[in-house]
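Data block for protein-v9.tsv (TSV, C-alpha atoms):
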```tsv
chain	number	residue	atom	x	y	z
A	1	MET	CA	97.65	-13.15	12.28
A	2	ARG	CA	96.26	-9.69	12.89
A	3	ASN	CA	93.10	-9.23	14.83
A	4	LEU	CA	89.89	-8.33	12.97
A	5	LYS	CA	87.74	-8.41	16.11
A	6	GLY	CA	84.78	-6.03	15.68
A	7	ARG	CA	85.12	-5.98	11.88
A	8	LYS	CA	82.01	-6.90	9.92
A	9	ILE	CA	82.32	-8.38	6.47
A	10	ALA	CA	79.61	-9.06	3.89
A	11	ILE	CA	79.91	-11.75	1.21
A	12	LEU	CA	77.44	-11.32	-1.68
A	13	ALA	CA	76.84	-14.50	-3.67
A	14	THR	CA	74.22	-16.74	-5.18
A	15	ASN	CA	74.01	-20.24	-6.67
A	16	GLY	CA	77.09	-21.14	-8.70
A	17	PHE	CA	79.74	-19.38	-6.60
A	18	GLU	CA	83.19	-20.93	-6.79
A	19	GLU	CA	83.37	-23.02	-3.61
A	20	SER	CA	86.84	-22.01	-2.44
A	21	GLU	CA	86.27	-18.33	-3.19
A	22	LEU	CA	83.52	-18.10	-0.59
A	23	PHE	CA	84.49	-20.69	2.02
A	24	GLU	CA	88.20	-19.85	2.24
A	25	PRO	CA	87.91	-16.07	2.80
A	26	LYS	CA	85.03	-16.73	5.20
A	27	ASN	CA	87.08	-19.17	7.29
A	28	VAL	CA	90.25	-17.11	7.25
A	29	LEU	CA	88.48	-13.88	8.17
A	30	GLU	CA	86.42	-15.52	10.91
A	31	ASN	CA	89.60	-17.04	12.31
A	32	SER	CA	90.98	-13.50	12.40
A	33	GLY	CA	88.05	-12.42	14.56
A	34	ALA	CA	85.79	-10.84	11.93
A	35	GLU	CA	82.05	-11.42	11.77
A	36	VAL	CA	81.20	-12.65	8.26
A	37	THR	CA	77.66	-12.52	6.82
A	38	VAL	CA	76.56	-14.37	3.67
A	39	ILE	CA	74.09	-12.23	1.72
A	40	SER	CA	72.14	-13.37	-1.34
A	41	PRO	CA	69.06	-12.47	-3.40
A	42	ALA	CA	68.21	-16.16	-2.85
A	43	SER	CA	66.96	-17.30	0.55
A	44	GLY	CA	67.66	-20.56	2.37
A	45	LYS	CA	70.83	-22.10	1.01
A	46	ILE	CA	72.99	-21.41	-2.03
A	47	LYS	CA	75.01	-24.03	-3.87
A	48	ALA	CA	78.71	-23.89	-4.72
A	49	TRP	CA	80.47	-24.87	-7.94
A	50	LYS	CA	83.74	-26.83	-7.89
A	51	HIS	CA	85.83	-28.43	-10.63
A	52	GLY	CA	83.02	-28.05	-13.17
A	53	ASN	CA	80.19	-29.41	-11.06
A	54	TRP	CA	77.71	-28.38	-8.39
A	55	SER	CA	79.10	-28.96	-4.91
A	56	LYS	CA	78.23	-28.11	-1.31
A	57	GLU	CA	75.72	-25.61	0.03
A	58	ILE	CA	75.98	-22.76	2.51
A	59	LYS	CA	73.24	-21.04	4.50
A	60	VAL	CA	72.28	-17.51	3.47
A	61	ASP	CA	72.47	-15.37	6.63
A	62	ILE	CA	70.54	-12.37	5.28
A	63	THR	CA	68.69	-11.89	2.01
A	64	LEU	CA	69.70	-8.90	-0.07
A	65	ASP	CA	66.32	-7.21	0.60
A	66	ASP	CA	67.21	-6.98	4.28
A	67	ALA	CA	70.89	-6.08	3.97
A	68	SER	CA	72.41	-2.60	4.35
A	69	GLU	CA	75.94	-1.57	3.45
A	70	ASN	CA	75.91	0.50	6.65
A	71	ASP	CA	76.29	-2.70	8.67
A	72	TYR	CA	79.59	-3.78	7.07
A	73	ASP	CA	83.19	-2.63	6.71
A	74	CYS	CA	83.93	-4.66	3.59
A	75	LEU	CA	82.20	-6.50	0.74
A	76	ILE	CA	83.59	-9.71	-0.77
A	77	LEU	CA	82.48	-10.84	-4.24
A	78	PRO	CA	83.38	-14.48	-5.00
A	79	GLY	CA	83.52	-15.68	-8.59
A	80	GLY	CA	82.43	-18.82	-10.35
A	81	VAL	CA	81.26	-18.35	-13.91
A	82	ILE	CA	77.58	-18.80	-12.98
A	83	ASN	CA	77.24	-16.72	-9.78
A	84	PRO	CA	78.14	-13.18	-10.94
A	85	ASP	CA	76.28	-13.75	-14.22
A	86	LYS	CA	73.12	-14.17	-12.13
A	87	LEU	CA	73.88	-11.33	-9.70
A	88	ARG	CA	74.67	-8.72	-12.36
A	89	ARG	CA	71.13	-9.13	-13.74
A	90	SER	CA	69.76	-7.86	-10.41
A	91	SER	CA	69.72	-4.05	-10.16
A	92	GLU	CA	69.38	-4.49	-6.39
A	93	ALA	CA	72.67	-6.44	-6.27
A	94	VAL	CA	74.45	-3.95	-8.52
A	95	ASP	CA	73.20	-1.02	-6.41
A	96	PHE	CA	74.34	-2.78	-3.23
A	97	VAL	CA	77.86	-3.06	-4.66
A	98	ARG	CA	77.86	0.55	-5.82
A	99	ARG	CA	76.91	1.83	-2.36
A	100	PHE	CA	79.95	0.13	-0.78
A	101	PHE	CA	82.09	1.97	-3.30
A	102	GLU	CA	80.41	5.32	-2.74
A	103	LYS	CA	80.79	4.99	1.03
A	104	ARG	CA	84.52	4.30	0.60
A	105	LYS	CA	84.30	0.76	1.99
A	106	LEU	CA	86.61	-1.99	0.76
A	107	ILE	CA	85.28	-4.17	-2.09
A	108	ALA	CA	87.28	-7.38	-2.67
A	109	ALA	CA	86.36	-9.24	-5.88
A	110	ILE	CA	87.94	-12.40	-7.27
A	111	CYS	CA	87.71	-14.39	-10.53
A	112	HIS	CA	84.40	-13.44	-12.28
A	113	GLY	CA	83.36	-11.34	-9.25
A	114	PRO	CA	84.59	-8.13	-10.97
A	115	GLN	CA	81.75	-8.50	-13.54
A	116	LEU	CA	79.57	-6.86	-10.88
A	117	LEU	CA	81.95	-3.89	-10.75
A	118	ILE	CA	81.40	-3.38	-14.49
A	119	ASP	CA	77.63	-3.09	-13.99
A	120	ALA	CA	78.13	-0.83	-10.95
A	121	GLU	CA	80.15	1.48	-13.26
A	122	ILE	CA	82.93	2.00	-10.74
A	123	ILE	CA	86.07	0.79	-12.52
A	124	ASN	CA	86.88	3.42	-15.12
A	125	GLY	CA	90.55	4.34	-14.69
A	126	ARG	CA	91.23	1.68	-12.01
A	127	THR	CA	94.11	-0.75	-12.03
A	128	MET	CA	92.75	-4.22	-11.39
A	129	THR	CA	92.78	-7.91	-12.29
A	130	SER	CA	90.21	-10.71	-12.78
A	131	PHE	CA	89.77	-14.16	-14.23
A	132	PRO	CA	91.44	-13.82	-17.67
A	133	ALA	CA	88.22	-14.63	-19.60
A	134	ILE	CA	86.74	-11.23	-18.67
A	135	LYS	CA	89.91	-9.18	-19.16
A	136	LYS	CA	88.55	-7.54	-22.31
A	137	ASP	CA	85.28	-6.61	-20.58
A	138	LEU	CA	87.17	-4.85	-17.78
A	139	GLN	CA	89.41	-3.06	-20.26
A	140	ASN	CA	86.37	-1.93	-22.26
A	141	ALA	CA	84.89	-0.58	-19.01
A	142	GLY	CA	88.00	1.58	-18.65
A	143	ALA	CA	90.14	-0.51	-16.30
A	144	ASN	CA	93.89	-0.93	-16.54
A	145	TRP	CA	94.00	-4.76	-16.37
A	146	VAL	CA	97.15	-6.34	-14.90
A	147	ASP	CA	98.16	-9.99	-14.49
A	148	SER	CA	98.88	-10.17	-10.75
A	149	ASP	CA	97.74	-12.31	-7.81
A	150	VAL	CA	96.28	-9.34	-5.94
A	151	VAL	CA	95.80	-5.70	-6.94
A	152	VAL	CA	94.60	-2.81	-4.78
A	153	ASP	CA	93.51	0.50	-6.26
A	154	ASP	CA	91.88	2.83	-3.74
A	155	ASN	CA	89.05	0.77	-2.18
A	156	ILE	CA	88.89	-1.92	-4.87
A	157	LEU	CA	90.88	-5.13	-4.32
A	158	THR	CA	90.94	-7.83	-7.01
A	159	SER	CA	92.44	-11.28	-7.63
A	160	ARG	CA	92.38	-13.66	-10.61
A	161	LYS	CA	91.48	-17.17	-9.43
A	162	PRO	CA	91.36	-19.71	-6.58
A	163	ASP	CA	95.17	-20.06	-6.64
A	164	ASP	CA	95.38	-16.40	-5.59
A	165	LEU	CA	93.27	-16.87	-2.45
A	166	ASP	CA	96.19	-16.73	0.00
A	167	ALA	CA	97.28	-13.34	-1.38
A	168	PHE	CA	93.64	-12.18	-1.58
A	169	ASN	CA	92.84	-13.08	2.03
A	170	LYS	CA	96.14	-11.72	3.38
A	171	LYS	CA	95.64	-8.37	1.68
A	172	ILE	CA	92.05	-8.02	2.96
A	173	ILE	CA	93.29	-8.67	6.51
A	174	GLU	CA	96.16	-6.21	6.07
A	175	ILE	CA	93.80	-3.45	4.93
A	176	LEU	CA	91.12	-4.06	7.57
A	177	SER	CA	93.58	-4.42	10.48
B	1	MET	CA	60.94	-23.99	-45.94
B	2	ARG	CA	63.59	-22.60	-48.24
B	3	ASN	CA	66.31	-24.80	-49.58
B	4	LEU	CA	69.83	-24.48	-48.13
B	5	LYS	CA	71.21	-27.34	-50.24
B	6	GLY	CA	74.94	-26.78	-50.82
B	7	ARG	CA	75.25	-24.35	-47.90
B	8	LYS	CA	77.90	-25.20	-45.31
B	9	ILE	CA	77.49	-24.03	-41.76
B	10	ALA	CA	79.98	-24.18	-38.87
B	11	ILE	CA	78.94	-24.29	-35.23
B	12	LEU	CA	81.76	-23.39	-32.81
B	13	ALA	CA	81.18	-24.63	-29.26
B	14	THR	CA	82.73	-26.41	-26.33
B	15	ASN	CA	81.59	-28.01	-23.07
B	16	GLY	CA	78.79	-26.07	-21.40
B	17	PHE	CA	76.91	-24.94	-24.51
B	18	GLU	CA	73.20	-24.34	-24.00
B	19	GLU	CA	71.62	-27.53	-25.33
B	20	SER	CA	68.84	-25.99	-27.39
B	21	GLU	CA	71.09	-23.31	-28.86
B	22	LEU	CA	73.22	-25.91	-30.64
B	23	PHE	CA	70.80	-28.78	-31.33
B	24	GLU	CA	67.87	-26.69	-32.58
B	25	PRO	CA	69.72	-24.60	-35.20
B	26	LYS	CA	71.59	-27.75	-36.28
B	27	ASN	CA	68.36	-29.71	-36.80
B	28	VAL	CA	66.48	-26.89	-38.49
B	29	LEU	CA	69.35	-26.04	-40.84
B	30	GLU	CA	70.01	-29.67	-41.72
B	31	ASN	CA	66.30	-30.11	-42.44
B	32	SER	CA	66.65	-27.16	-44.81
B	33	GLY	CA	69.38	-29.01	-46.69
B	34	ALA	CA	72.49	-27.38	-45.20
B	35	GLU	CA	75.56	-29.33	-44.14
B	36	VAL	CA	76.32	-28.47	-40.50
B	37	THR	CA	79.70	-29.11	-38.87
B	38	VAL	CA	80.35	-28.99	-35.12
B	39	ILE	CA	83.78	-27.49	-34.44
B	40	SER	CA	85.47	-27.32	-31.03
B	41	PRO	CA	88.90	-26.87	-29.46
B	42	ALA	CA	87.93	-30.07	-27.59
B	43	SER	CA	88.01	-33.41	-29.41
B	44	GLY	CA	85.64	-36.35	-29.06
B	45	LYS	CA	82.38	-35.20	-27.57
B	46	ILE	CA	81.25	-31.98	-25.91
B	47	LYS	CA	78.58	-31.78	-23.23
B	48	ALA	CA	75.52	-29.54	-23.20
B	49	TRP	CA	74.04	-27.53	-20.33
B	50	LYS	CA	70.28	-27.43	-19.74
B	51	HIS	CA	68.16	-25.95	-16.95
B	52	GLY	CA	71.19	-25.47	-14.70
B	53	ASN	CA	72.75	-28.89	-15.15
B	54	TRP	CA	74.98	-30.85	-17.49
B	55	SER	CA	72.95	-32.68	-20.12
B	56	LYS	CA	73.54	-34.59	-23.34
B	57	GLU	CA	76.66	-34.80	-25.49
B	58	ILE	CA	77.32	-34.23	-29.16
B	59	LYS	CA	80.18	-35.45	-31.33
B	60	VAL	CA	82.76	-32.91	-32.45
B	61	ASP	CA	83.07	-33.23	-36.26
B	62	ILE	CA	86.31	-31.26	-36.63
B	63	THR	CA	88.66	-29.83	-34.03
B	64	LEU	CA	89.41	-26.13	-34.29
B	65	ASP	CA	93.03	-26.89	-35.29
B	66	ASP	CA	91.79	-28.51	-38.47
B	67	ALA	CA	89.01	-26.07	-39.33
B	68	SER	CA	89.14	-23.27	-41.92
B	69	GLU	CA	86.61	-20.47	-42.36
B	70	ASN	CA	87.06	-20.98	-46.11
B	71	ASP	CA	85.00	-24.15	-45.90
B	72	TYR	CA	81.84	-22.49	-44.52
B	73	ASP	CA	79.24	-19.90	-45.47
B	74	CYS	CA	78.18	-19.11	-41.93
B	75	LEU	CA	79.32	-19.44	-38.31
B	76	ILE	CA	76.90	-20.11	-35.44
B	77	LEU	CA	77.91	-19.33	-31.85
B	78	PRO	CA	75.62	-20.93	-29.24
B	79	GLY	CA	75.56	-19.56	-25.71
B	80	GLY	CA	75.36	-21.14	-22.29
B	81	VAL	CA	77.17	-19.24	-19.56
B	82	ILE	CA	80.07	-21.74	-19.47
B	83	ASN	CA	80.79	-22.36	-23.17
B	84	PRO	CA	81.75	-18.88	-24.47
B	85	ASP	CA	83.65	-18.17	-21.24
B	86	LYS	CA	85.93	-21.08	-22.18
B	87	LEU	CA	86.14	-20.24	-25.88
B	88	ARG	CA	87.01	-16.56	-25.44
B	89	ARG	CA	90.17	-17.60	-23.55
B	90	SER	CA	91.42	-19.30	-26.72
B	91	SER	CA	93.11	-16.90	-29.15
B	92	GLU	CA	92.63	-19.57	-31.82
B	93	ALA	CA	88.84	-19.51	-31.28
B	94	VAL	CA	88.73	-15.70	-31.24
B	95	ASP	CA	90.81	-15.51	-34.45
B	96	PHE	CA	88.53	-18.07	-36.12
B	97	VAL	CA	85.52	-15.86	-35.36
B	98	ARG	CA	87.28	-12.72	-36.56
B	99	ARG	CA	88.17	-14.33	-39.89
B	100	PHE	CA	84.48	-15.06	-40.64
B	101	PHE	CA	83.80	-11.39	-40.03
B	102	GLU	CA	86.67	-10.19	-42.19
B	103	LYS	CA	85.60	-12.46	-45.04
B	104	ARG	CA	82.06	-11.03	-44.87
B	105	LYS	CA	80.49	-14.34	-43.88
B	106	LEU	CA	77.42	-14.45	-41.67
B	107	ILE	CA	78.07	-14.84	-37.91
B	108	ALA	CA	74.98	-15.77	-35.87
B	109	ALA	CA	75.45	-15.55	-32.09
B	110	ILE	CA	72.88	-16.17	-29.38
B	111	CYS	CA	72.72	-15.71	-25.59
B	112	HIS	CA	76.32	-15.51	-24.23
B	113	GLY	CA	77.71	-16.33	-27.71
B	114	PRO	CA	78.31	-12.60	-28.43
B	115	GLN	CA	81.05	-12.59	-25.73
B	116	LEU	CA	83.29	-14.02	-28.46
B	117	LEU	CA	82.49	-11.04	-30.68
B	118	ILE	CA	83.78	-8.73	-27.93
B	119	ASP	CA	87.14	-10.51	-27.90
B	120	ALA	CA	87.24	-10.53	-31.71
B	121	GLU	CA	86.85	-6.73	-31.57
B	122	ILE	CA	84.23	-6.62	-34.31
B	123	ILE	CA	81.20	-5.00	-32.67
B	124	ASN	CA	82.05	-1.32	-32.28
B	125	GLY	CA	79.16	0.67	-33.74
B	126	ARG	CA	76.96	-2.39	-34.40
B	127	THR	CA	73.34	-2.76	-33.41
B	128	MET	CA	72.90	-6.09	-31.67
B	129	THR	CA	71.39	-8.04	-28.79
B	130	SER	CA	72.49	-10.78	-26.35
B	131	PHE	CA	71.59	-12.46	-23.10
B	132	PRO	CA	70.78	-9.48	-20.85
B	133	ALA	CA	73.56	-10.31	-18.32
B	134	ILE	CA	76.24	-9.22	-20.82
B	135	LYS	CA	74.42	-6.14	-22.14
B	136	LYS	CA	76.83	-3.77	-20.37
B	137	ASP	CA	79.87	-5.61	-21.79
B	138	LEU	CA	78.56	-5.23	-25.34
B	139	GLN	CA	77.75	-1.56	-24.79
B	140	ASN	CA	81.25	-0.97	-23.38
B	141	ALA	CA	82.64	-2.64	-26.52
B	142	GLY	CA	80.81	0.00	-28.57
B	143	ALA	CA	77.62	-1.85	-29.53
B	144	ASN	CA	74.17	-0.33	-29.68
B	145	TRP	CA	72.35	-2.98	-27.60
B	146	VAL	CA	68.66	-3.52	-28.32
B	147	ASP	CA	66.08	-5.77	-26.66
B	148	SER	CA	64.77	-7.77	-29.62
B	149	ASP	CA	64.36	-11.46	-30.52
B	150	VAL	CA	66.68	-11.19	-33.51
B	151	VAL	CA	68.87	-8.35	-34.80
B	152	VAL	CA	70.87	-8.21	-38.02
B	153	ASP	CA	73.55	-5.58	-38.63
B	154	ASP	CA	75.64	-6.22	-41.72
B	155	ASN	CA	76.96	-9.78	-41.33
B	156	ILE	CA	76.31	-10.09	-37.58
B	157	LEU	CA	73.06	-11.70	-36.46
B	158	THR	CA	72.21	-11.91	-32.74
B	159	SER	CA	69.46	-13.22	-30.46
B	160	ARG	CA	68.93	-13.10	-26.68
B	161	LYS	CA	67.99	-16.55	-25.40
B	162	PRO	CA	66.52	-19.99	-26.16
B	163	ASP	CA	63.01	-18.51	-26.48
B	164	ASP	CA	64.28	-16.56	-29.51
B	165	LEU	CA	65.44	-19.67	-31.39
B	166	ASP	CA	62.55	-19.72	-33.86
B	167	ALA	CA	63.31	-16.15	-34.93
B	168	PHE	CA	67.06	-16.87	-34.90
B	169	ASN	CA	66.80	-19.94	-37.12
B	170	LYS	CA	64.29	-18.35	-39.47
B	171	LYS	CA	66.49	-15.30	-40.03
B	172	ILE	CA	69.59	-17.42	-40.69
B	173	ILE	CA	67.67	-19.41	-43.32
B	174	GLU	CA	66.29	-16.21	-44.87
B	175	ILE	CA	69.78	-14.73	-45.22
B	176	LEU	CA	71.43	-17.88	-46.53
B	177	SER	CA	68.67	-18.74	-48.99
```
Have the structure of the file written as structure tokens, please.
Amino acid sequence: MRNLKGRKIAILATNGFEESELFEPKNVLENSGAEVTVISPASGKIKAWKHGNWSKEIKVDITLDDASENDYDCLILPGGVINPDKLRRSSEAVDFVRRFFEKRKLIAAICHGPQLLIDAEIINGRTMTSFPAIKKDLQNAGANWVDSDVVVDDNILTSRKPDDLDAFNKKIIEILS
Amino acid sequence: MRNLKGRKIAILATNGFEESELFEPKNVLENSGAEVTVISPASGKIKAWKHGNWSKEIKVDITLDDASENDYDCLILPGGVINPDKLRRSSEAVDFVRRFFEKRKLIAAICHGPQLLIDAEIINGRTMTSFPAIKKDLQNAGANWVDSDVVVDDNILTSRKPDDLDAFNKKIIEILS
């Protein structure tokens, strides 16, 4: 596996994130040498969602108030039907996402994570994928939606669902190496 | 309260519906004399969502396979972040909604319920509201989104959230009376 030593990666999430879509990229990227920081508007711990129920918690490393895109090379947006629905209501979260885009840093979003890219208004004309339920919303925002395990268009990387995590993680590592 | 005797109302929902957004219209409309039928792609019982957790169940009266828009005067679409996300993935559910629209029957959607109207492609140019999280998705689908407790445009009636239920129910009764 390629070495991500010195690379700093932000994961933005809140309660209701899909368990595997946060824990798996975090573990894989840390095992590649990256430093991974969990950022949330919530403080303390945030709770995962798995197979239709609440599951385990993870510690928030930095609250969104104290986070700066300048400190990271990449932003990961996990899905879960509940998590991005909460985050997209926060203009602070949406602005945080938009600044990664404007500074040409990689944004990797999976499942419902791309809902945040709709609110950040950064997907018009992009080729991308997502959880199928929000396909129409991405198309209406101007995206060219494709049914593929991982799609990269400029600095936006997207995947559909937990089953795509191997391709998602591999592509993030490839780009950041 | 006005008399809805003889009026037939369909509620389309599945697991994860917001408890109050199904039970309250159902009770109020039945107390006004209407016959209310719970329709779902799922059979047996479907489970509500309340204050961030699974809550009580309700019996499905007719599965979607066996339901016809011809049998109803009005369609109610409850929200809950999980329920419409499941329903909009079903082309059968989306087509069922679209047929109510095409036959000029009242569609009343609350909270995340309007996500189904996006997939049915029936909101371009309409004035409407929804749960604020999906405001951008409705705007991108061509709607004129307004922040109001209840909005009626032609045969589409929308409300934002459980707090709007009194206005939502009252307006449905007013229109169907």
Query raised in the report: Closest to chain B among A:Pro162, A:Pro78, A:Gly6, A:Gly16, using only C-alpha atoms?
Result: A:Gly16
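Take CA of Ile107 (chain B) and CA of Leu29 (chain B): the distance between them is 14.5 Å.
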Report task. May I have the residues within 9 Å of Phe101 (chain A) as a ChimeraX atom specification, using only C-alpha atoms and disregarding those fewer than 6 positions away in the same chain? Result -> /A:107,122,155-156
How close does each residue of chain A get to chain B, giving the shortest atom pair and distance in Å to one decimal for every residue with an atom at most 7 Å away, counting only C-alpha atoms, sorted by chain and residue number, as JSON lines?
```
{"residue": "A:Val81", "atom": "CA", "partner": "B:Ile82", "partner_atom": "CA", "distance": 6.6}
{"residue": "A:Ile82", "atom": "CA", "partner": "B:Val81", "partner_atom": "CA", "distance": 6.6}
{"residue": "A:Asp85", "atom": "CA", "partner": "B:Ala133", "partner_atom": "CA", "distance": 6.0}
{"residue": "A:Arg88", "atom": "CA", "partner": "B:Ala133", "partner_atom": "CA", "distance": 6.3}
{"residue": "A:Arg89", "atom": "CA", "partner": "B:Ala133", "partner_atom": "CA", "distance": 5.3}
{"residue": "A:Asp119", "atom": "CA", "partner": "B:Lys136", "partner_atom": "CA", "distance": 6.5}
{"residue": "A:Ala133", "atom": "CA", "partner": "B:Arg89", "partner_atom": "CA", "distance": 5.3}
{"residue": "A:Lys136", "atom": "CA", "partner": "B:Asp119", "partner_atom": "CA", "distance": 6.5}
{"residue": "A:Asp137", "atom": "CA", "partner": "B:Asp137", "partner_atom": "CA", "distance": 5.6}
{"residue": "A:Asn140", "atom": "CA", "partner": "B:Asn140", "partner_atom": "CA", "distance": 5.3}
{"residue": "A:Ala141", "atom": "CA", "partner": "B:Asn140", "partner_atom": "CA", "distance": 5.7}
```
Requested in this report: Quick one: everything within 10 Å of Leu157 (chain A), counting all atoms listed in the file, minus sequence neighbours fewer than 2 positions away in the same chain. Send it as number ranges by chain.
Outcome: A: 76, 106-110, 114, 127-129, 150-155, 159, 168, 171-172, 175
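Between CA of Asp166 (chain B) and CA of Trp145 (chain B) lies a distance of 20.4 Å.
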Query raised in the report: Counting all atoms listed in the file, what is within 10 Å of Asn27 (chain B), bar same-chain residues fewer than 6 positions away, as an NGL selection string?
Result: :B and (33-34 or 36 or 169)
Report task. Using CA of Ile173 (chain A) and CA of Leu117 (chain A) as the two end points, give the distance in Å to one decimal. Result -> 21.2 Å
Query raised in the report: Neighbours of Asp66 (chain B) within 12 Å (all atoms listed in the file; same-chain residues fewer than 3 positions away dropped), as a PyMOL selection string?
Result: chain B and resi 38-43+60-63+69-71+92-93+96
Query raised in the report: Which one of B:Asn31, B:Ser177, B:Asn3, B:Ser148 sits closest to Asp163 (chain B) if you count all atoms listed in the file?
Result: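 Among the listed residues, B:Ser148 lies closest to Asp163 (chain B).
Proximity ranking of A:Gly79, A:Lys59, A:Ala143, A:Glu30 relative to Arg126 (chain A) places A:Ala143 first, based on only C-alpha atoms.
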